[in-house]
Structures are given as C-alpha cells and as structure tokens.
>>> print(open('work_15.cif').read())   # mmCIF, C-alpha atoms
data_input
loop_
_atom_site.label_atom_id
_atom_site.label_comp_id
_atom_site.auth_asym_id
_atom_site.auth_seq_id
_atom_site.Cartn_x
_atom_site.Cartn_y
_atom_site.Cartn_z
CA MET A 1084 139.47 -46.81 -72.54
CA GLY A 1085 140.82 -48.97 -75.38
CA ARG A 1086 138.84 -51.97 -74.14
CA SER A 1087 135.65 -49.88 -74.02
CA TRP A 1088 136.05 -48.83 -77.64
CA GLU A 1089 136.63 -52.46 -78.63
CA ILE A 1090 133.35 -53.45 -76.99
CA VAL A 1091 131.50 -50.61 -78.72
CA VAL A 1092 132.88 -51.68 -82.11
CA TRP A 1093 131.79 -55.30 -81.54
CA LEU A 1094 128.30 -54.17 -80.56
CA LEU A 1095 128.03 -52.14 -83.76
CA VAL A 1096 129.15 -55.15 -85.80
CA PHE A 1097 126.54 -57.39 -84.11
CA ALA A 1098 123.80 -54.83 -84.69
CA ALA A 1099 124.69 -54.51 -88.38
CA ALA A 1100 124.81 -58.29 -88.84
CA ALA A 1101 121.48 -58.75 -87.10
CA ALA A 1102 119.88 -56.06 -89.27
CA VAL A 1103 121.13 -57.74 -92.43
CA VAL A 1104 119.92 -61.19 -91.39
CA ILE A 1105 116.51 -59.80 -90.39
CA GLY A 1106 116.27 -58.29 -93.86
CA ILE A 1107 117.15 -61.68 -95.34
CA VAL A 1108 114.41 -63.39 -93.34
CA ARG A 1109 111.85 -60.90 -94.62
CA SER A 1110 113.13 -61.27 -98.17
CA GLU A 1111 112.92 -65.08 -97.98
CA ALA A 1112 109.41 -64.93 -96.58
CA ALA A 1113 108.28 -62.68 -99.42
CA VAL A 1114 109.23 -65.34 -101.95
CA THR A 1115 108.58 -68.63 -100.15
CA GLY A 1116 105.78 -67.62 -97.81
CA VAL A 1117 107.71 -69.27 -94.99
CA THR A 1118 109.23 -67.25 -92.19
CA ALA A 1119 111.97 -68.77 -90.11
CA GLY A 1120 111.96 -68.08 -86.40
CA SER A 1121 114.50 -66.09 -84.46
CA VAL A 1122 117.67 -64.67 -85.94
CA VAL A 1123 120.92 -66.02 -84.50
CA VAL A 1124 124.11 -63.98 -84.91
CA PRO A 1125 127.52 -65.46 -83.95
CA ALA A 1126 128.80 -64.52 -80.50
CA PRO A 1127 131.84 -62.25 -79.82
CA GLY A 1128 135.05 -63.86 -80.99
CA ALA A 1129 133.16 -66.17 -83.35
CA MET A 1130 132.37 -63.69 -86.11
CA ALA A 1131 135.07 -65.11 -88.38
CA ALA A 1132 134.30 -68.73 -87.50
CA ALA A 1133 131.54 -70.73 -89.11
CA VAL A 1134 128.67 -72.15 -87.08
CA ASP A 1135 128.54 -75.04 -89.57
CA ASP A 1136 131.21 -76.96 -91.46
CA LEU A 1137 130.12 -75.16 -94.63
CA ARG A 1138 131.92 -71.83 -95.15
CA LEU A 1139 132.61 -69.21 -97.75
CA SER A 1140 135.95 -70.15 -99.30
CA GLU A 1141 136.67 -67.80 -102.22
CA ILE A 1142 135.15 -64.70 -103.83
CA LEU A 1143 135.91 -62.98 -107.14
CA ALA A 1144 134.03 -59.69 -107.41
CA GLY A 1145 135.81 -57.99 -110.32
CA PRO A 1146 135.92 -60.28 -113.36
CA ALA A 1147 137.76 -59.10 -116.45
CA ARG A 1148 137.46 -62.30 -118.48
CA ASP A 1149 135.04 -65.12 -119.29
CA TRP A 1150 135.04 -66.96 -115.96
CA ASP A 1151 131.76 -68.83 -116.51
CA GLY A 1152 133.00 -70.36 -119.75
CA ASP A 1153 130.06 -69.38 -121.95
CA GLY A 1154 132.35 -67.77 -124.54
CA VAL A 1155 131.33 -64.18 -123.72
CA PHE A 1156 132.68 -61.83 -121.07
CA ASP A 1157 130.00 -60.22 -118.95
CA ALA A 1158 130.98 -58.28 -115.81
CA ARG A 1159 127.87 -59.39 -113.93
CA ARG A 1160 127.62 -63.00 -115.09
CA ASP A 1161 131.32 -63.75 -114.62
CA GLU A 1162 131.46 -62.85 -110.92
CA TRP A 1163 131.70 -65.91 -108.71
CA LEU A 1164 131.93 -67.18 -105.17
CA GLU A 1165 132.66 -70.54 -103.67
CA LEU A 1166 131.73 -72.60 -100.61
CA GLU A 1167 133.74 -75.44 -99.12
CA ASN A 1168 132.75 -78.26 -96.79
CA TYR A 1169 135.43 -78.27 -94.10
CA GLY A 1170 133.76 -81.07 -92.14
CA ALA A 1171 133.98 -84.86 -92.17
CA ALA A 1172 130.43 -85.56 -93.39
CA PRO A 1173 128.36 -84.49 -96.42
CA VAL A 1174 126.39 -81.25 -96.06
CA ASP A 1175 122.84 -80.80 -97.38
CA LEU A 1176 122.94 -77.46 -99.18
CA GLY A 1177 119.17 -77.02 -99.44
CA ALA A 1178 118.84 -74.68 -96.47
CA TYR A 1179 121.71 -72.38 -97.41
CA ARG A 1180 121.40 -68.95 -99.00
CA VAL A 1181 123.90 -66.25 -99.89
CA SER A 1182 123.44 -62.50 -99.63
CA ASP A 1183 125.50 -59.37 -99.92
CA ALA A 1184 125.49 -56.41 -97.54
CA ASP A 1185 122.09 -55.09 -98.62
CA SER A 1186 120.41 -58.29 -97.29
CA THR A 1187 119.04 -59.33 -100.70
CA ILE A 1188 119.13 -63.08 -101.28
CA ARG A 1189 121.22 -63.65 -104.40
CA PHE A 1190 121.22 -67.45 -104.63
CA ALA A 1191 119.78 -70.55 -102.95
CA PHE A 1192 121.93 -73.68 -103.01
CA SER A 1193 120.72 -77.22 -103.60
CA GLY A 1194 122.06 -80.77 -103.54
CA SER A 1195 124.76 -81.98 -101.17
CA LEU A 1196 128.47 -81.33 -100.77
CA ALA A 1197 130.99 -84.01 -99.87
CA PRO A 1198 133.74 -83.46 -97.26
CA GLY A 1199 136.52 -81.35 -98.72
CA ALA A 1200 134.48 -80.51 -101.83
CA VAL A 1201 133.63 -77.02 -103.08
CA ALA A 1202 130.44 -75.54 -104.55
CA LEU A 1203 130.93 -72.79 -107.11
CA VAL A 1204 128.23 -70.33 -108.16
CA ASN A 1205 128.70 -67.60 -110.73
CA GLY A 1206 126.62 -64.58 -111.66
CA ARG A 1207 124.95 -66.35 -114.57
CA GLN A 1208 123.72 -69.13 -112.29
CA ALA A 1209 122.47 -66.52 -109.82
CA GLU A 1210 120.54 -64.81 -112.60
CA ASP A 1211 118.97 -68.12 -113.65
CA TRP A 1212 117.87 -68.83 -110.08
CA GLN A 1213 116.46 -65.31 -109.67
CA ARG A 1214 114.37 -65.71 -112.83
CA SER A 1215 113.12 -69.10 -111.66
CA VAL A 1216 111.70 -67.66 -108.43
CA GLY A 1217 110.45 -64.36 -109.88
CA ARG A 1218 113.07 -62.10 -108.37
CA THR A 1219 114.72 -59.05 -109.88
CA VAL A 1220 117.60 -60.32 -112.02
CA SER A 1221 120.77 -58.84 -110.56
CA GLY A 1222 123.27 -61.72 -110.37
CA LEU A 1223 125.52 -61.89 -107.32
CA SER A 1224 125.97 -58.08 -107.28
CA LEU A 1225 129.46 -58.17 -105.77
CA ASN A 1226 130.73 -54.60 -105.59
CA ASN A 1227 134.30 -54.12 -106.85
CA ALA A 1228 134.89 -51.30 -104.36
CA GLY A 1229 134.16 -53.62 -101.43
CA ASP A 1230 131.20 -55.50 -100.01
CA THR A 1231 130.15 -58.08 -97.44
CA VAL A 1232 129.08 -61.59 -98.45
CA ILE A 1233 126.92 -63.51 -95.99
CA LEU A 1234 126.22 -67.24 -95.94
CA PHE A 1235 123.25 -68.23 -93.82
CA ARG A 1236 121.13 -71.28 -93.07
CA ILE A 1237 117.38 -71.32 -92.68
CA GLY A 1238 116.14 -73.77 -90.07
CA ALA A 1239 112.77 -74.64 -88.58
CA THR A 1240 113.07 -72.06 -85.81
CA ASP A 1241 116.20 -70.00 -86.53
CA THR A 1242 117.96 -68.19 -89.34
CA ILE A 1243 121.66 -68.50 -88.58
CA ALA A 1244 124.41 -66.34 -90.02
CA VAL A 1245 126.88 -69.12 -90.73
CA ASP A 1246 129.79 -67.15 -92.21
CA THR A 1247 130.61 -63.65 -93.43
CA LYS A 1248 133.41 -62.11 -95.43
CA THR A 1249 133.97 -58.39 -95.88
CA TYR A 1250 136.42 -57.59 -98.65
CA ASN A 1251 137.95 -54.31 -99.79
CA SER A 1252 138.80 -52.68 -103.13
CA ILE A 1253 142.20 -54.42 -103.29
CA GLU A 1254 140.47 -57.81 -103.16
CA GLY A 1255 137.70 -56.65 -105.50
CA ALA A 1256 139.97 -55.42 -108.31
CA SER A 1257 139.96 -56.99 -111.78
CA ASP A 1258 140.53 -60.76 -111.82
CA ARG A 1259 141.67 -60.91 -108.19
CA SER A 1260 139.98 -63.21 -105.74
CA THR A 1261 140.09 -63.41 -101.98
CA GLY A 1262 139.98 -66.84 -100.39
CA ARG A 1263 140.70 -69.00 -97.37
CA PHE A 1264 144.16 -70.53 -97.30
CA GLY A 1265 146.24 -72.67 -94.98
CA ALA A 1266 145.32 -75.42 -92.53
CA GLY A 1267 141.57 -75.42 -91.87
CA GLY A 1268 141.07 -72.37 -94.10
CA THR A 1269 141.54 -69.96 -91.22
CA VAL A 1270 143.37 -67.18 -93.12
CA TRP A 1271 141.97 -65.12 -95.98
CA THR A 1272 144.51 -64.53 -98.76
CA LEU A 1273 144.72 -62.37 -101.88
CA PHE A 1274 144.92 -64.41 -105.10
CA ASP A 1275 146.39 -61.84 -107.50
CA GLY A 1276 148.31 -63.95 -110.01
CA LEU A 1277 146.34 -62.45 -112.91
CA ASN A 1278 146.54 -58.85 -111.69
CA LYS A 1279 149.50 -58.32 -109.38
CA TYR A 1280 149.05 -56.02 -106.40
CA THR A 1281 152.23 -54.09 -105.63
CA GLY A 1282 150.86 -51.48 -103.23
CA SER A 1283 151.39 -51.20 -99.50
CA GLY A 1284 147.81 -51.83 -98.41
CA GLN A 1285 146.30 -54.99 -96.97
CA PRO A 1286 146.04 -57.76 -97.90
CA ARG A 1287 149.42 -58.02 -99.59
CA GLY A 1288 149.87 -59.69 -102.95
CA THR A 1289 150.81 -63.36 -103.10
CA GLY A 1290 151.06 -64.04 -106.84
CA CYS A 1291 148.68 -66.99 -106.40
CA LEU A 1292 146.02 -67.64 -109.03
CA PRO A 1293 142.28 -67.78 -108.32
CA THR A 1294 141.04 -71.38 -108.00
CA PRO A 1295 137.34 -71.50 -108.94
CA GLY A 1296 135.78 -74.92 -108.47
CA SER A 1297 138.73 -76.48 -106.66
CA GLU A 1298 140.32 -76.41 -103.22
CA ASN A 1299 142.32 -73.24 -102.65
CA GLY A 1300 146.04 -73.55 -103.30
CA CYS A 1301 148.76 -71.57 -104.98
CA PRO A 1302 149.11 -72.62 -108.61
CA THR A 1303 151.34 -70.21 -110.50
CA PRO A 1304 151.40 -69.68 -114.26
CA ALA A 1305 154.17 -71.41 -116.18
CA SER A 1306 156.54 -69.11 -118.03
CA SER A 1307 158.51 -69.90 -121.14
CA THR A 1308 162.29 -70.06 -120.99
CA THR A 1309 165.30 -71.19 -123.01
CA TRP A 1310 168.01 -73.76 -122.40
CA GLY A 1311 170.54 -70.93 -122.20
CA LYS A 1312 168.60 -69.27 -119.35
CA ILE A 1313 168.35 -72.56 -117.48
CA LYS A 1314 172.12 -73.17 -117.77
CA ALA A 1315 172.86 -69.61 -116.63
CA ARG A 1316 171.10 -70.27 -113.30
CA PHE A 1317 173.63 -72.96 -112.42
CA ARG A 1318 176.85 -71.20 -113.41
#
>>> encode(input="work_15.cif", output="structure tokens")
Amino acid sequence: MGRSWEIVVWLLVFAAAAAVVIGIVRSEAAVTGVTAGSVVVPAPGAMAAAVDDLRLSEILAGPARDWDGDGVFDARRDEWLELENYGAAPVDLGAYRVSDADSTIRFAFSGSLAPGAVALVNGRQAEDWQRSVGRTVSGLSLNNAGDTVILFRIGATDTIAVDTKTYNSIEGASDRSTGRFGAGGTVWTLFDGLNKYTGSGQPRGTGCLPTPGSENGCPTPASSTTWGKIKARFR
C-alpha cells in the first residue's frame, strides 16, 4: 500500500511539473513568436537532478536589506537567485529561462558561464529584462511563504525542465537563503547567518551566510573580542 501511494505522489508531481512547463512554452511563444516542440519532464528519481550541468544553486526570496547594491532597499528588487555551472565546459546561457510556480517567465539569461562559475540575477535585473521585452514588470516574484523555482532550457524541438527547487517559509524568511552545499552541490542547505533559525522544522539552521555571486560555502561573520577573553579560553 505504501508503495502505491508513493507512485501516486510521483505521478502528481510529474503532472504538476508538466503543466507548469507547458504554461512556460505558451508564455515564451507569446513574446518571441517561437514555440518549442514537446515538453520533457525529468523521469522518476531524477526530479532533483539536473538534465544539464547548469543548475539552480541558491535562492533568497525574503530580502530585508539592499542586496542589489543600488543604495535603496526594495523588497522586490533585492530578491535574487543564482545558477552554477557544475560541468567541465562553458555553458551557453542563451536558451535558459527561469520561472516560478505560476509558469510565468521571470528572466532570460544571456552570455556564457565558465565551469565552476555562478550567474546571479536579482529582482531589479528581472524588472529591466521584463521592460525590455514588453512584459508586466513583476521582478522575480519569489514568495516568502514558499514557492517553486524552475530552470528550463528551450531547444529546437523540446522545452526541458532542467532543475527545480521548492522552498518553504523557513527558507523564505527575511535575509535567509537556501542553496546547494557539499560535493557536487547535491544537498540543499539553509543559509541563516543573518537571521538565525532556532525552530524544530526543516531545514535546520546552519549559521552560514548567504553567498550571492560566489560559490556556496560557509563564511561566518567575524565577532569582536578582547585579549582578556582570548586568554580565558586557554586557562
């Protein structure tokens, strides 16, 4: 019985993912006039694994400070997300788009990304792109209460859902990010160094800081001390 329920859940996930990607294809066609062919959704067991070397690497949905560096805090413009090239060769970003759960394209990438490099996009950049192509200006629209971010690639015959990340309200709280961590970026981790999570939910707090624009690690803020405190540690 347990196995049957597991199969049902996977089928529901596939159906939802396919519906979102179909919506993305229609949305893309409305702007570009070009419709990609069939929609390809990852197979069972591969939902968390990327089809390509390019993957979502970090997401900050609930900014509480000036993350884009323009000198002004704006809750929509200071949201950000990041991609990383986990492969051994450069990736052409021109075919890649990002969407949230409502299937609306929020940003189209351009240029190329070297192996091990990251591509950062914030809400202000998303707004600029949306204006440039005549879309409704909404930024990245990352919901603090939880959302799903989808990275997909448009090809000549297929639109492929490359990677997805569903985050919850713990990960979407003020100045917390959620990102891949560890060898190969296989584990998603809570970066809550600016807003510590002390609850019992998942994911648990790590005390790590968000790392926009750089490879995910665990830098921690330096704290001031005195010579007396240092000596006391070694008594």
>>> residues_near_point(input="work_15.cif", point="(140.9, -61.8, -112.0)", cutoff="9 Å", atoms="only C-alpha atoms", output="list in words")
Leu1143, Ala1144, Gly1145, Pro1146, Ala1147, Arg1148, Trp1150, Gly1255, Ala1256, Ser1257, Asp1258, Arg1259, Ser1260, Phe1274, Asp1275, Gly1276, Leu1277, Asn1278, Leu1292 and Pro1293 of chain A
>>> closest_residue(input="work_15.cif", among="A:Gly1296, A:Gly1262, A:Gly1199, A:Gly1206", to="A:Glu1141", atoms="only C-alpha atoms")
A:Gly1262
>>> atom_distance(input="work_15.cif", atom1="atom CA of A:Phe1190", atom2="atom CA of A:Ile1233")
11.1 Å
>>> closest_residue(input="work_15.cif", among="A:Thr1240, A:Asp1175, A:Glu1165, A:Pro1286", to="A:Asn1299", atoms="all atoms listed in the file")
A:Glu1165
>>> resolve_selection(input="work_15.cif", expression="the PyMOL selection byres ((chain A and resi 1229) around 7)", output="list in words")
Asn1226, Asn1227, Ala1228, Asp1230, Tyr1250, Asn1251, Ser1252 and Gly1255 of chain A
>>> atom_distance(input="work_15.cif", atom1="atom CA of A:Val1181", atom2="atom CA of A:Val1232")
7.1 Å
>>> resolve_selection(input="work_15.cif", expression="the PyMOL selection byres ((chain A and resi 1285) around 10)", output="PyMOL selection string")
chain A and resi 1251-1254+1272-1273+1280+1282-1284+1286-1288
>>> closest_residue(input="work_15.cif", among="A:Phe1156, A:Asp1161, A:Val1204, A:Asp1135", to="A:Val1174", atoms="all atoms listed in the file")
A:Asp1135
>>> atom_distance(input="work_15.cif", atom1="atom CA of A:Ala1172", atom2="atom CA of A:Lys1248")
23.7 Å
>>> resolve_selection(input="work_15.cif", expression="the PyMOL selection byres ((chain A and resi 1166) around 12)", output="PyMOL selection string")
chain A and resi 1133+1135-1142+1163-1165+1167-1169+1174+1176+1179-1181+1192+1195-1205+1232-1235+1245-1248+1262-1263+1268+1294-1299
>>> closest_residue(input="work_15.cif", among="A:Cys1301, A:Ile1237, A:Leu1225, A:Thr1219", to="A:Ala1191", atoms="all atoms listed in the file")
A:Ile1237
>>> closest_residue(input="work_15.cif", among="A:Val1216, A:Cys1291, A:Ala1209, A:Val1270", to="A:Ser1182", atoms="only C-alpha atoms")
A:Ala1209
>>> residues_around(input="work_15.cif", residues="A:Arg1160", least_positions_apart="5", cutoff="8 Å", atoms="only C-alpha atoms", output="MDAnalysis selection string")
chainID A and resid 1151 1205:1208 1210 1222
>>> axis_aligned_box(input="work_15.cif", around="stretch 1294-1302 of chain A", padding_each_side="5 Å", output="AutoDock Vina command-line options")
--center_x 142.4 --center_y -73.9 --center_z -105.8 --size_x 23.3 --size_y 15.1 --size_z 16.3
